[in-house]
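Encoded as structure tokens, the structure appears first; notes follow it.
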Amino acid sequence: MTMHEPKAAVTVAEMARMCSLSRSRFYQLIGSAFPEPSRDDRGRPFYDAEQQQVCLEVRRRNCGIDGRPILFYAPRHTAPAPVARRKPNPKASTSRYSEVVEGVRCLGLATVTAADVEAAITRLFPSGTDGVDSGEIIRSVFLFIKRQDRPDNVA
């Protein structure tokens, strides 16, 4: 436990941190092991410099203000949480137009495939998509595929 320089006043949550305890455990021990906090004009609880010293002494000595011994668990030294690995999305396209596929899906064509998008782009942009805004590409492909699926156009 590190020693803290007392401040003029600290919140209950900060006092709990200074004692290496959770807020809920600290609140459980108020009145028996730790002193009741003072209250400001609005009724908000705080610990002044003297009360902070008392709380830190309780933690150091494992003896509450009521004179009874109190046992504290050692603070946990947790290892960093493992980085969650994202599973590959089987619907995600590995083609060069994956952004366009995702954009068209977001616009409501959930069953569109990378092949559909590539065919549409080849037809709509015969000289390529270099220099064309990605939003315009997505919009054009969406409208092209949407027109292809009209009931009066399906053979």
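Letters A, B, ... mark the chains of the structure tokens in the order given; residue numbers begin at 1 per chain; ligand numbers begin at 1, in order shown.
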Fewer than 4 positions away in the same chain doesn't count, so skip those; otherwise give me all residues within 9 Å of A:Glu36, counting only C-alpha atoms, as a PyMOL selection string. chain A and resi 30-32+45+47+51
Which residues are close to A:Leu143, i.e. within 12 Å by only C-alpha atoms, leaving aside same-chain residues fewer than 2 positions away? Reply as an MDAnalysis selection string. chainID A and resid 104 107:109 117 120:121 124 136:141 145:150
Counting only C-alpha atoms, figure out which residue out of A:Val10, A:Val54, A:Ala114, A:Cys63 gets nearest to A:Pro35.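 Of A:Val10, A:Val54, A:Ala114, A:Cys63, the one nearest A:Pro35 is A:Val54, counting only C-alpha atoms.
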Ranking A:Thr122, A:Gln52, A:Ser24, A:Ser134 by minimum distance to A:Ser98 and counting only C-alpha atoms, which one comes first? A:Ser134
Report, in Å to a single decimal, how far apart atom CA of A:Val12 and atom CA of A:Pro37 are.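 We find that atom CA of A:Pro37 and atom CA of A:Val12 lie 7.5 Å from each other.
Atom CA of A:Leu21 is found 18.2 Å from atom CA of A:Ala9.
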Would you compute the distance between atom CA of A:Phe125 and atom CA of A:Ala110? Give it in Å to one decimal. 22.6 Å
Find the residues around stretch 55-58 of chain A up to 10 Å (only C-alpha atoms counted), leave out those fewer than 4 positions away in its own chain, and share them as an NGL selection string. :A and (1-4 or 6 or 15-16 or 18-20 or 30 or 33-35 or 47 or 50-51 or 62-65 or 67 or 69-70)
Those residues you just picked out, can you put them in a file as a PDB file, in the first residue's frame with N, CA and C atoms?
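Just written: part_30.pdb:
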ATOM      1  N   MET A   1       0.847  -1.173   0.000  1.00  0.00           N
ATOM      2  CA  MET A   1       0.000   0.000   0.000  1.00  0.00           C
ATOM      3  C   MET A   1       0.891   1.233   0.000  1.00  0.00           C
ATOM      4  N   THR A   2       0.585   2.163  -0.841  1.00  0.00           N
ATOM      5  CA  THR A   2       1.391   3.369  -0.926  1.00  0.00           C
ATOM      6  C   THR A   2       0.868   4.412   0.051  1.00  0.00           C
ATOM      7  N   MET A   3       1.770   5.226   0.537  1.00  0.00           N
ATOM      8  CA  MET A   3       1.368   6.314   1.425  1.00  0.00           C
ATOM      9  C   MET A   3       0.882   7.480   0.582  1.00  0.00           C
ATOM     10  N   HIS A   4      -0.209   8.075   1.013  1.00  0.00           N
ATOM     11  CA  HIS A   4      -0.793   9.195   0.292  1.00  0.00           C
ATOM     12  C   HIS A   4      -0.646  10.450   1.121  1.00  0.00           C
ATOM     13  N   PRO A   6      -2.085  13.539   2.578  1.00  0.00           N
ATOM     14  CA  PRO A   6      -3.488  13.903   2.808  1.00  0.00           C
ATOM     15  C   PRO A   6      -3.839  15.218   2.114  1.00  0.00           C
ATOM     16  N   MET A  15     -11.235   7.912  -0.901  1.00  0.00           N
ATOM     17  CA  MET A  15     -10.712   7.327   0.335  1.00  0.00           C
ATOM     18  C   MET A  15     -10.623   5.812   0.211  1.00  0.00           C
ATOM     19  N   ALA A  16     -11.613   5.219  -0.421  1.00  0.00           N
ATOM     20  CA  ALA A  16     -11.589   3.769  -0.642  1.00  0.00           C
ATOM     21  C   ALA A  16     -10.387   3.388  -1.501  1.00  0.00           C
ATOM     22  N   MET A  18      -7.595   5.066  -1.790  1.00  0.00           N
ATOM     23  CA  MET A  18      -6.395   5.285  -0.985  1.00  0.00           C
ATOM     24  C   MET A  18      -6.138   4.102  -0.050  1.00  0.00           C
ATOM     25  N   CYS A  19      -7.201   3.432   0.370  1.00  0.00           N
ATOM     26  CA  CYS A  19      -7.081   2.263   1.244  1.00  0.00           C
ATOM     27  C   CYS A  19      -7.006   0.954   0.460  1.00  0.00           C
ATOM     28  N   SER A  20      -6.966   1.050  -0.862  1.00  0.00           N
ATOM     29  CA  SER A  20      -6.922  -0.132  -1.744  1.00  0.00           C
ATOM     30  C   SER A  20      -8.116  -1.051  -1.530  1.00  0.00           C
ATOM     31  N   ILE A  30     -17.732   1.239   7.011  1.00  0.00           N
ATOM     32  CA  ILE A  30     -17.919   2.538   7.658  1.00  0.00           C
ATOM     33  C   ILE A  30     -18.756   2.336   8.914  1.00  0.00           C
ATOM     34  N   ALA A  33     -15.147  -0.356  11.195  1.00  0.00           N
ATOM     35  CA  ALA A  33     -13.701  -0.294  11.009  1.00  0.00           C
ATOM     36  C   ALA A  33     -13.240   1.123  10.664  1.00  0.00           C
ATOM     37  N   PHE A  34     -14.004   1.814   9.820  1.00  0.00           N
ATOM     38  CA  PHE A  34     -13.632   3.160   9.393  1.00  0.00           C
ATOM     39  C   PHE A  34     -14.597   4.177   9.980  1.00  0.00           C
ATOM     40  N   PRO A  35     -14.130   5.423  10.212  1.00  0.00           N
ATOM     41  CA  PRO A  35     -15.016   6.449  10.775  1.00  0.00           C
ATOM     42  C   PRO A  35     -16.068   6.903   9.761  1.00  0.00           C
ATOM     43  N   TYR A  47     -14.013  13.037   3.556  1.00  0.00           N
ATOM     44  CA  TYR A  47     -13.066  12.799   4.647  1.00  0.00           C
ATOM     45  C   TYR A  47     -12.064  13.938   4.655  1.00  0.00           C
ATOM     46  N   GLU A  50      -7.570  14.822   8.801  1.00  0.00           N
ATOM     47  CA  GLU A  50      -7.441  14.017  10.021  1.00  0.00           C
ATOM     48  C   GLU A  50      -8.122  12.654   9.857  1.00  0.00           C
ATOM     49  N   GLN A  51      -9.323  12.641   9.273  1.00  0.00           N
ATOM     50  CA  GLN A  51     -10.040  11.386   9.049  1.00  0.00           C
ATOM     51  C   GLN A  51      -9.294  10.491   8.052  1.00  0.00           C
ATOM     52  N   ASN A  62      -4.662  -3.000  10.521  1.00  0.00           N
ATOM     53  CA  ASN A  62      -5.705  -4.039  10.519  1.00  0.00           C
ATOM     54  C   ASN A  62      -6.484  -4.049  11.831  1.00  0.00           C
ATOM     55  N   CYS A  63      -6.723  -2.859  12.358  1.00  0.00           N
ATOM     56  CA  CYS A  63      -7.505  -2.724  13.582  1.00  0.00           C
ATOM     57  C   CYS A  63      -8.478  -1.569  13.381  1.00  0.00           C
ATOM     58  N   GLY A  64      -9.770  -1.871  13.469  1.00  0.00           N
ATOM     59  CA  GLY A  64     -10.798  -0.872  13.219  1.00  0.00           C
ATOM     60  C   GLY A  64     -10.898   0.144  14.322  1.00  0.00           C
ATOM     61  N   ILE A  65     -11.673   1.215  14.090  1.00  0.00           N
ATOM     62  CA  ILE A  65     -11.864   2.253  15.109  1.00  0.00           C
ATOM     63  C   ILE A  65     -12.640   1.717  16.298  1.00  0.00           C
ATOM     64  N   GLY A  67     -11.838  -1.029  17.664  1.00  0.00           N
ATOM     65  CA  GLY A  67     -10.878  -1.822  18.417  1.00  0.00           C
ATOM     66  C   GLY A  67     -10.812  -3.286  18.005  1.00  0.00           C
ATOM     67  N   PRO A  69     -10.094  -6.429  15.416  1.00  0.00           N
ATOM     68  CA  PRO A  69      -9.226  -6.670  14.258  1.00  0.00           C
ATOM     69  C   PRO A  69     -10.050  -6.851  12.983  1.00  0.00           C
ATOM     70  N   ILE A  70      -9.519  -6.388  11.893  1.00  0.00           N
ATOM     71  CA  ILE A  70     -10.180  -6.521  10.596  1.00  0.00           C
ATOM     72  C   ILE A  70      -9.136  -7.047   9.612  1.00  0.00           C
TER      73      ILE A  70
END
